[in-house]
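Novice: This is the structure I want to talk about, given as structure tokens.
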Amino acid sequence: MPHRDLTILVIDENAIRASIIEEGLREAGHGNVTVIHEVHGVARIIETLQPDVIVIDIENPNRDMMEHLFQLTRTVGRPIAMFVDRSDTASIEAAVEAGVSAYVIDGLKKERVKPILDMAVSRFNAFSRLQRELADAKSALEERKLVERAKGILMKMRGLSEEEAFTLLRQTAMNEKKKISEIAQSVVTAAGLLIR
Amino acid sequence: MNALTNIDESKARKLSAGDALPAPAIVVGEGSRTVRAGFIPLVDAAVLIAAAEFGFAQKEGITLDLVKDVSWANVRDRLAFRQFDVAHMLSPMPVAAMLGLGSNPSPTITPFSLGRGGNAITLSTRLYAEMQEEGNLVASEGALASAEALAAVIRRAQAAGRPRLTLGVTYPFSSHNYEFRYWLAAGGVDPDRDVKLIVVPPPMTSDALAAGAIDGFCVGAPWNMVASERGVGRIVATKQDIWPSAPEKVIGMRPDWADANPETVSRLIVALEAAARWCDAAENRTALAEVLADQRYVAAPVDILRRVLAGEFTVDPEGNQRVVDDYFVFHAGFANFPRPSQALWIYSQMVRWGQAALSAGGLEASISAYRPDLYRRALGSGAPPAEADIAIEGAMPGDRFMDGHVFDPEHIRDYVDAFPVKATNLPHTSLDDI
């Protein structure tokens, strides 16, 4: 017997992460996905949508507001926090680690809900990875700039070629078991102190 | 990117000279027991934080691994899903859990209360000015007079067709919800019809008040003081004014965990009791304020925390002061004893406001949430006798409810019926209100 499509509401203040989740859900064949970025007016949206699953960022303090809403309206069927299967410790841990919490309408079959939650978890993780990579890329760029400046200082002060300056930095880093950017930082700092 | 900060007890400070110095953990054959405890950054988590920071847990061979969290729903879920062993919780949360209320009711008990006090009601300065005009308030009136003045302002606003006021609480099953409702109702305001009650996370209350998103709120310390210091709010009532003995926060745990770890539970209670005693001593309050101010804990200005702990209030932007005796009681007067009649009072308020129906099963479930037996097992002769478990509340001088009602746990139906304002026929809540 074919199931009707599940209606999913994603509440996430982070618009980029929300769109990553939305895309994942759509790719998985879920057509009824709604994304909102703030909880203001959420009661009316829930009333209209009648979602089967609500995914919300675990770090959003407005989860307490959702609890209040469920108490007051009782329009959402009977929402259950997090997971249908309490014994599935691994899934629960994965979700909390990733920062996902969710409300699921009571009575939905576990096998229908679990893929959605797994998807949310993997997309939350993908987003964190993306952020980490962005941060790494930024710091790599900073490091390269630093090495360029240190090279320039060495070239000027010791009359080295660019290649020689770089070799010196790299050799020193190896000798001292440090990162080349750390040595470069020392050179830049020392130059700042010495040349005035 | 995780806001849930781990705090290790290895960073715990030592006690200052003169206090009972913590002995190193010598638990022969048992090793150190690590207890993972969730908490929300509020002053009333003080006993738990002090137990970790000042060596009381260590002395009992317990390593308290404190984890800061952002919402009560998270705390509840992470306790239910075994990510926490114990948690700093609102006193109604174990009762709600045992009654099967909320979106994740999972069996939860409390063998230990974290003390009384800390809550207050703050209204916007604009609203308070209207109340002053309406009720000839003199800025030092009692809680009942201010509630009545608010009722007068609301009646006039209704007659003029103005929109309802929006007031914030922290959680549907919170002392704040029941205390705000109690105060409003005592003044003649129906909290379900005359105003809109919404949930606002405590750290956002003063911003929400400043922005005009809410007209008032009831939360724990230090957020009332933060709003009055910022000049956006006027504190109109404290918990002491509404009912001095009202239970505030508790230590919640799963009953299966308590059954499986009886020794740890007892040690934890002993450690918390010693920490609570320490927190109550006036000479320790400065050290306590300094620890609480830390980014890992409440992350609020130390000066405000010190005054909050002393009950020294700046109640309004004009700098009017009020000293509330025993604003925070962490230990004295059996403040840590989980008295089952308090659970029943909480149940009575759930019934009063339509959250739960009154039934024999409900009474039983509520009582089962509070576990004086575990408290007694740990503290022995230091605990109140069993006949004190079900007490008549609010009948003693210094322990009165603001409207003079007395709670007799044997007659909850009569008690609820006697309130003129209650949710007997709750109107349909408009969804645009949330």
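Scheme for the structure tokens: letters A, B, ... for chains in order shown; per-chain residue numbers from 1; ligand numbers from 1 in order shown.
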Residues of segment 27-206 of chain B classed as strand (DSSP E or B) by DSSP on the backbone are to be reported as number ranges by chain.

Specialist: B: 33-39, 62-68, 86-90, 109-113, 116-117, 120-124, 165-169, 195-199

Novice: Pull out every residue of chain A that has at least one atom within 6 Å of chain B, counting only C-alpha atoms, and report them as a list in words.

Specialist: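 Therefore, the residues near the partner are Ala43, Arg44, Pro61, Asp64, Met65, His68, Pro79, Ile80 and Ala81 of chain A.
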
Novice: How about saving the chosen residues, C-alpha atoms kept, as a tab-separated table (two decimals), in the first residue's frame?

Specialist:
chain	number	residue	atom	x	y	z
A	43	ALA	CA	1.86	27.94	15.54
A	44	ARG	CA	-0.12	29.13	12.54
A	61	PRO	CA	16.55	27.57	23.00
A	64	ASP	CA	10.98	25.23	25.12
A	65	MET	CA	8.60	27.44	23.21
A	68	HIS	CA	4.51	25.30	25.23
A	79	PRO	CA	4.15	15.03	19.04
A	80	ILE	CA	6.92	12.90	20.47
A	81	ALA	CA	10.33	14.39	20.96

Novice: When you count only C-alpha atoms, which of these residues is closest to Ile346 of chain B: B:Glu133, B:Asp280, B:Glu248, B:Asp259?

Specialist: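 The answer is B:Glu248, which sits nearest to Ile346 of chain B.
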
Novice: Go through B:Ala145, B:Met93, B:Ala332, B:Leu123 one by one, measure the shortest atom-to-atom distance of each to Tyr347 of chain B using only C-alpha atoms, and give the residue with the smallest value.

Specialist: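 Residue with the minimum atom-to-atom distance to Tyr347 of chain B: B:Met93.
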
Novice: Which polymer residues have any atom within 12 Å of an atom of Pro301 of chain B, counting only C-alpha atoms, with same-chain residues fewer than 3 positions away left out, as a PyMOL selection string?

Specialist: chain B and resi 43+222-223+225-226+229+289-295+297-298+304-308

Novice: What's the 7 Å shell around segment 167-172 of chain A, counting only C-alpha atoms, without same-chain residues fewer than 6 positions away, as a list in words?

Specialist: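 The neighbour list is Ile180, Ile183 and Ala184 of chain A.
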
Novice: Can you pull out every residue within 7 Å of Phe112 of chain B, counting only C-alpha atoms, but drop anything in the same chain fewer than 6 positions away, and send it as a list in words?

Specialist: Val250, Ile251, Ile269, Asn336, Phe337, Pro338 and Tyr375 of chain B

Novice: Would you please extract all alpha helix (DSSP H) residues from segment 284-427 of chain B, as assigned by DSSP on the backbone, and give them as a PDB file with N, CA and C atoms, in the first residue's frame?

Specialist:
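Just written: selection_5.pdb:
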ATOM      1  N   ARG B 285      29.286  33.557  49.999  1.00  0.00           N
ATOM      2  CA  ARG B 285      28.511  34.029  48.848  1.00  0.00           C
ATOM      3  C   ARG B 285      29.361  34.763  47.806  1.00  0.00           C
ATOM      4  N   THR B 286      30.433  35.430  48.263  1.00  0.00           N
ATOM      5  CA  THR B 286      31.287  36.131  47.304  1.00  0.00           C
ATOM      6  C   THR B 286      32.009  35.126  46.417  1.00  0.00           C
ATOM      7  N   ALA B 287      32.569  34.086  47.062  1.00  0.00           N
ATOM      8  CA  ALA B 287      33.261  33.052  46.292  1.00  0.00           C
ATOM      9  C   ALA B 287      32.282  32.373  45.336  1.00  0.00           C
ATOM     10  N   LEU B 288      31.071  32.156  45.799  1.00  0.00           N
ATOM     11  CA  LEU B 288      30.046  31.515  44.966  1.00  0.00           C
ATOM     12  C   LEU B 288      29.717  32.393  43.758  1.00  0.00           C
ATOM     13  N   ALA B 289      29.531  33.688  44.033  1.00  0.00           N
ATOM     14  CA  ALA B 289      29.195  34.620  42.942  1.00  0.00           C
ATOM     15  C   ALA B 289      30.298  34.616  41.890  1.00  0.00           C
ATOM     16  N   GLU B 290      31.553  34.565  42.351  1.00  0.00           N
ATOM     17  CA  GLU B 290      32.670  34.593  41.403  1.00  0.00           C
ATOM     18  C   GLU B 290      32.682  33.355  40.512  1.00  0.00           C
ATOM     19  N   VAL B 291      32.420  32.198  41.105  1.00  0.00           N
ATOM     20  CA  VAL B 291      32.395  30.969  40.305  1.00  0.00           C
ATOM     21  C   VAL B 291      31.209  30.986  39.330  1.00  0.00           C
ATOM     22  N   LEU B 292      30.045  31.410  39.827  1.00  0.00           N
ATOM     23  CA  LEU B 292      28.859  31.413  38.968  1.00  0.00           C
ATOM     24  C   LEU B 292      29.032  32.354  37.783  1.00  0.00           C
ATOM     25  N   ALA B 293      29.777  33.435  37.985  1.00  0.00           N
ATOM     26  CA  ALA B 293      29.941  34.440  36.933  1.00  0.00           C
ATOM     27  C   ALA B 293      30.737  33.904  35.745  1.00  0.00           C
ATOM     28  N   VAL B 302      29.583  39.592  37.801  1.00  0.00           N
ATOM     29  CA  VAL B 302      29.742  39.100  39.165  1.00  0.00           C
ATOM     30  C   VAL B 302      29.045  40.016  40.174  1.00  0.00           C
ATOM     31  N   ASP B 303      29.027  41.296  39.883  1.00  0.00           N
ATOM     32  CA  ASP B 303      28.408  42.245  40.802  1.00  0.00           C
ATOM     33  C   ASP B 303      26.908  41.995  40.931  1.00  0.00           C
ATOM     34  N   ILE B 304      26.267  41.744  39.808  1.00  0.00           N
ATOM     35  CA  ILE B 304      24.830  41.441  39.827  1.00  0.00           C
ATOM     36  C   ILE B 304      24.595  40.127  40.574  1.00  0.00           C
ATOM     37  N   LEU B 305      25.428  39.140  40.317  1.00  0.00           N
ATOM     38  CA  LEU B 305      25.238  37.843  40.973  1.00  0.00           C
ATOM     39  C   LEU B 305      25.387  37.966  42.484  1.00  0.00           C
ATOM     40  N   ARG B 306      26.350  38.768  42.917  1.00  0.00           N
ATOM     41  CA  ARG B 306      26.564  38.934  44.355  1.00  0.00           C
ATOM     42  C   ARG B 306      25.326  39.555  44.997  1.00  0.00           C
ATOM     43  N   ARG B 307      24.782  40.570  44.337  1.00  0.00           N
ATOM     44  CA  ARG B 307      23.601  41.224  44.907  1.00  0.00           C
ATOM     45  C   ARG B 307      22.358  40.346  44.814  1.00  0.00           C
ATOM     46  N   VAL B 308      22.256  39.589  43.742  1.00  0.00           N
ATOM     47  CA  VAL B 308      21.131  38.661  43.614  1.00  0.00           C
ATOM     48  C   VAL B 308      21.177  37.632  44.749  1.00  0.00           C
ATOM     49  N   LEU B 309      22.354  37.111  45.015  1.00  0.00           N
ATOM     50  CA  LEU B 309      22.488  36.111  46.077  1.00  0.00           C
ATOM     51  C   LEU B 309      22.152  36.706  47.439  1.00  0.00           C
ATOM     52  N   ALA B 310      22.435  37.989  47.603  1.00  0.00           N
ATOM     53  CA  ALA B 310      22.151  38.650  48.876  1.00  0.00           C
ATOM     54  C   ALA B 310      20.702  39.135  48.945  1.00  0.00           C
ATOM     55  N   PRO B 340       6.843  15.322  49.310  1.00  0.00           N
ATOM     56  CA  PRO B 340       5.812  14.912  48.343  1.00  0.00           C
ATOM     57  C   PRO B 340       4.601  15.854  48.298  1.00  0.00           C
ATOM     58  N   SER B 341       4.306  16.532  49.416  1.00  0.00           N
ATOM     59  CA  SER B 341       3.160  17.447  49.336  1.00  0.00           C
ATOM     60  C   SER B 341       3.454  18.618  48.394  1.00  0.00           C
ATOM     61  N   GLN B 342       4.741  18.910  48.177  1.00  0.00           N
ATOM     62  CA  GLN B 342       5.083  19.938  47.190  1.00  0.00           C
ATOM     63  C   GLN B 342       4.769  19.434  45.780  1.00  0.00           C
ATOM     64  N   ALA B 343       5.040  18.166  45.553  1.00  0.00           N
ATOM     65  CA  ALA B 343       4.692  17.577  44.248  1.00  0.00           C
ATOM     66  C   ALA B 343       3.183  17.649  44.046  1.00  0.00           C
ATOM     67  N   LEU B 344       2.445  17.435  45.147  1.00  0.00           N
ATOM     68  CA  LEU B 344       0.980  17.495  45.050  1.00  0.00           C
ATOM     69  C   LEU B 344       0.507  18.924  44.795  1.00  0.00           C
ATOM     70  N   TRP B 345       1.199  19.895  45.394  1.00  0.00           N
ATOM     71  CA  TRP B 345       0.817  21.291  45.125  1.00  0.00           C
ATOM     72  C   TRP B 345       1.026  21.601  43.640  1.00  0.00           C
ATOM     73  N   ILE B 346       2.158  21.135  43.109  1.00  0.00           N
ATOM     74  CA  ILE B 346       2.429  21.339  41.682  1.00  0.00           C
ATOM     75  C   ILE B 346       1.315  20.699  40.844  1.00  0.00           C
ATOM     76  N   TYR B 347       0.936  19.488  41.231  1.00  0.00           N
ATOM     77  CA  TYR B 347      -0.160  18.789  40.538  1.00  0.00           C
ATOM     78  C   TYR B 347      -1.449  19.615  40.624  1.00  0.00           C
ATOM     79  N   SER B 348      -1.703  20.190  41.800  1.00  0.00           N
ATOM     80  CA  SER B 348      -2.923  20.988  41.966  1.00  0.00           C
ATOM     81  C   SER B 348      -2.936  22.173  40.999  1.00  0.00           C
ATOM     82  N   GLN B 349      -1.755  22.757  40.746  1.00  0.00           N
ATOM     83  CA  GLN B 349      -1.699  23.879  39.815  1.00  0.00           C
ATOM     84  C   GLN B 349      -1.862  23.400  38.369  1.00  0.00           C
ATOM     85  N   MET B 350      -1.366  22.208  38.081  1.00  0.00           N
ATOM     86  CA  MET B 350      -1.569  21.630  36.743  1.00  0.00           C
ATOM     87  C   MET B 350      -3.058  21.398  36.504  1.00  0.00           C
ATOM     88  N   VAL B 351      -3.749  20.964  37.572  1.00  0.00           N
ATOM     89  CA  VAL B 351      -5.197  20.746  37.477  1.00  0.00           C
ATOM     90  C   VAL B 351      -5.899  22.096  37.336  1.00  0.00           C
ATOM     91  N   ARG B 352      -5.464  23.052  38.164  1.00  0.00           N
ATOM     92  CA  ARG B 352      -6.090  24.376  38.146  1.00  0.00           C
ATOM     93  C   ARG B 352      -6.055  24.992  36.755  1.00  0.00           C
ATOM     94  N   ALA B 360      -7.121   9.694  40.947  1.00  0.00           N
ATOM     95  CA  ALA B 360      -6.348   8.940  41.929  1.00  0.00           C
ATOM     96  C   ALA B 360      -4.997   8.553  41.340  1.00  0.00           C
ATOM     97  N   GLY B 361      -5.018   8.176  40.062  1.00  0.00           N
ATOM     98  CA  GLY B 361      -3.781   7.809  39.380  1.00  0.00           C
ATOM     99  C   GLY B 361      -2.817   8.980  39.308  1.00  0.00           C
ATOM    100  N   GLY B 362      -3.378  10.151  39.075  1.00  0.00           N
ATOM    101  CA  GLY B 362      -2.561  11.354  38.987  1.00  0.00           C
ATOM    102  C   GLY B 362      -1.905  11.677  40.318  1.00  0.00           C
ATOM    103  N   LEU B 363      -2.669  11.515  41.399  1.00  0.00           N
ATOM    104  CA  LEU B 363      -2.118  11.747  42.734  1.00  0.00           C
ATOM    105  C   LEU B 363      -0.940  10.817  42.995  1.00  0.00           C
ATOM    106  N   GLU B 364      -1.154   9.575  42.654  1.00  0.00           N
ATOM    107  CA  GLU B 364      -0.126   8.569  42.885  1.00  0.00           C
ATOM    108  C   GLU B 364       1.129   8.867  42.053  1.00  0.00           C
ATOM    109  N   ALA B 365       0.906   9.212  40.781  1.00  0.00           N
ATOM    110  CA  ALA B 365       2.023   9.509  39.888  1.00  0.00           C
ATOM    111  C   ALA B 365       2.811  10.716  40.398  1.00  0.00           C
ATOM    112  N   SER B 366       2.076  11.750  40.851  1.00  0.00           N
ATOM    113  CA  SER B 366       2.750  12.957  41.323  1.00  0.00           C
ATOM    114  C   SER B 366       3.616  12.654  42.534  1.00  0.00           C
ATOM    115  N   ILE B 367       3.043  11.927  43.489  1.00  0.00           N
ATOM    116  CA  ILE B 367       3.794  11.606  44.707  1.00  0.00           C
ATOM    117  C   ILE B 367       5.035  10.788  44.377  1.00  0.00           C
ATOM    118  N   SER B 368       4.912   9.907  43.376  1.00  0.00           N
ATOM    119  CA  SER B 368       6.036   9.032  43.065  1.00  0.00           C
ATOM    120  C   SER B 368       7.217   9.781  42.458  1.00  0.00           C
ATOM    121  N   ALA B 369       6.986  11.031  42.016  1.00  0.00           N
ATOM    122  CA  ALA B 369       8.074  11.820  41.420  1.00  0.00           C
ATOM    123  C   ALA B 369       9.058  12.314  42.474  1.00  0.00           C
ATOM    124  N   PRO B 372      11.472  11.158  48.976  1.00  0.00           N
ATOM    125  CA  PRO B 372      12.082  11.429  50.286  1.00  0.00           C
ATOM    126  C   PRO B 372      12.818  10.213  50.839  1.00  0.00           C
ATOM    127  N   ASP B 373      12.425   9.015  50.388  1.00  0.00           N
ATOM    128  CA  ASP B 373      13.090   7.804  50.896  1.00  0.00           C
ATOM    129  C   ASP B 373      14.571   7.790  50.514  1.00  0.00           C
ATOM    130  N   LEU B 374      14.881   8.269  49.302  1.00  0.00           N
ATOM    131  CA  LEU B 374      16.278   8.287  48.874  1.00  0.00           C
ATOM    132  C   LEU B 374      17.066   9.348  49.651  1.00  0.00           C
ATOM    133  N   TYR B 375      16.394  10.459  49.925  1.00  0.00           N
ATOM    134  CA  TYR B 375      17.008  11.521  50.721  1.00  0.00           C
ATOM    135  C   TYR B 375      17.318  10.999  52.120  1.00  0.00           C
ATOM    136  N   ARG B 376      16.353  10.296  52.706  1.00  0.00           N
ATOM    137  CA  ARG B 376      16.530   9.741  54.064  1.00  0.00           C
ATOM    138  C   ARG B 376      17.624   8.686  54.103  1.00  0.00           C
ATOM    139  N   ARG B 377      17.645   7.845  53.063  1.00  0.00           N
ATOM    140  CA  ARG B 377      18.639   6.783  53.042  1.00  0.00           C
ATOM    141  C   ARG B 377      20.048   7.385  53.083  1.00  0.00           C
ATOM    142  N   ALA B 378      20.213   8.528  52.382  1.00  0.00           N
ATOM    143  CA  ALA B 378      21.542   9.146  52.312  1.00  0.00           C
ATOM    144  C   ALA B 378      21.875   9.920  53.572  1.00  0.00           C
ATOM    145  N   LEU B 379      20.894  10.604  54.132  1.00  0.00           N
ATOM    146  CA  LEU B 379      21.188  11.550  55.208  1.00  0.00           C
ATOM    147  C   LEU B 379      20.727  11.093  56.579  1.00  0.00           C
ATOM    148  N   ILE B 412      -7.562  18.274  47.415  1.00  0.00           N
ATOM    149  CA  ILE B 412      -7.084  19.047  46.267  1.00  0.00           C
ATOM    150  C   ILE B 412      -8.244  19.610  45.454  1.00  0.00           C
ATOM    151  N   ARG B 413      -9.301  18.816  45.302  1.00  0.00           N
ATOM    152  CA  ARG B 413     -10.449  19.292  44.525  1.00  0.00           C
ATOM    153  C   ARG B 413     -11.015  20.579  45.139  1.00  0.00           C
ATOM    154  N   ASP B 414     -11.204  20.567  46.454  1.00  0.00           N
ATOM    155  CA  ASP B 414     -11.743  21.759  47.125  1.00  0.00           C
ATOM    156  C   ASP B 414     -10.778  22.933  46.983  1.00  0.00           C
ATOM    157  N   TYR B 415      -9.496  22.617  47.111  1.00  0.00           N
ATOM    158  CA  TYR B 415      -8.480  23.664  47.023  1.00  0.00           C
ATOM    159  C   TYR B 415      -8.547  24.346  45.654  1.00  0.00           C
ATOM    160  N   VAL B 416      -8.604  23.541  44.594  1.00  0.00           N
ATOM    161  CA  VAL B 416      -8.640  24.111  43.248  1.00  0.00           C
ATOM    162  C   VAL B 416      -9.957  24.860  43.028  1.00  0.00           C
ATOM    163  N   ASP B 417     -11.061  24.244  43.499  1.00  0.00           N
ATOM    164  CA  ASP B 417     -12.370  24.877  43.292  1.00  0.00           C
ATOM    165  C   ASP B 417     -12.465  26.232  43.972  1.00  0.00           C
TER     166      ASP B 417
END

Novice: Name all residues at most 8 Å from Val121 of chain A (count only C-alpha atoms; drop same-chain ones fewer than 2 positions away) and give them as a list in words.

Specialist: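 Selected residues are Ala94, Ala95, Ala98, Gly99, Val100, Leu117, Asp118, Met119, Arg123, Phe124 and Asn125 of chain A.
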
Novice: From the set B:Cys218, B:Ala159, B:Val315, B:Ile242, which residue has the shortest atom-to-atom contact distance to Ser174 of chain B, counting only C-alpha atoms?

Specialist: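 Closest to Ser174 of chain B of all the choices is B:Cys218.
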
Novice: Quick one, how far is atom CA of Val138 of chain B from atom CA of Asp194 of chain B?

Specialist: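 Result for atom CA of Val138 of chain B versus atom CA of Asp194 of chain B: 24.7 Å, one decimal.
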
Novice: For a quick check of understanding, using only C-alpha atoms, which of A:Ile11, A:Leu154, A:Leu141, A:Leu72 has the smallest distance to His40 of chain A?

Specialist: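 For His40 of chain A, the nearest of the given residues is A:Ile11.
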
Novice: What's around Arg230 of chain B at 10 Å? Count only C-alpha atoms, leave out sequence neighbours fewer than 6 positions away in its own chain, and write the answer as JSON, numbers by chain.

Specialist: {"B": [206, 207, 210, 224, 316, 317]}

Novice: Based on the selection just made, write N, CA and C atoms of those residues as a JSON list (two decimals), in the first residue's frame.

Specialist:
[["chain", "number", "residue", "atom", "x", "y", "z"],
["B", 206, "SER", "N", 15.34, 39.91, 28.84],
["B", 206, "SER", "CA", 15.51, 41.35, 28.96],
["B", 206, "SER", "C", 15.55, 42.01, 27.58],
["B", 207, "ASP", "N", 16.10, 41.32, 26.59],
["B", 207, "ASP", "CA", 16.06, 41.84, 25.22],
["B", 207, "ASP", "C", 14.62, 41.90, 24.70],
["B", 210, "ALA", "N", 12.96, 44.80, 26.28],
["B", 210, "ALA", "CA", 13.46, 46.05, 25.72],
["B", 210, "ALA", "C", 12.86, 46.30, 24.33],
["B", 224, "ASN", "N", 15.88, 38.89, 36.15],
["B", 224, "ASN", "CA", 15.04, 40.02, 36.55],
["B", 224, "ASN", "C", 15.91, 41.24, 36.84],
["B", 316, "ASP", "N", 13.98, 49.01, 40.07],
["B", 316, "ASP", "CA", 13.57, 49.80, 38.93],
["B", 316, "ASP", "C", 14.72, 50.66, 38.44],
["B", 317, "PRO", "N", 14.54, 51.26, 37.25],
["B", 317, "PRO", "CA", 15.62, 52.08, 36.68],
["B", 317, "PRO", "C", 15.96, 53.29, 37.55]]

Novice: Rank nothing, just name the residue among A:Val39, A:Ile45, A:Ile195, A:Val187 nearest to Met66 of chain A, using only C-alpha atoms.

Specialist: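 Selected residue with least distance to Met66 of chain A: A:Val39.
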
Novice: Quick one, how far is atom CA of Val53 of chain A from atom CA of Ala28 of chain A?

Specialist: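 We find that atom CA of Val53 of chain A and atom CA of Ala28 of chain A lie 14.9 Å from each other.
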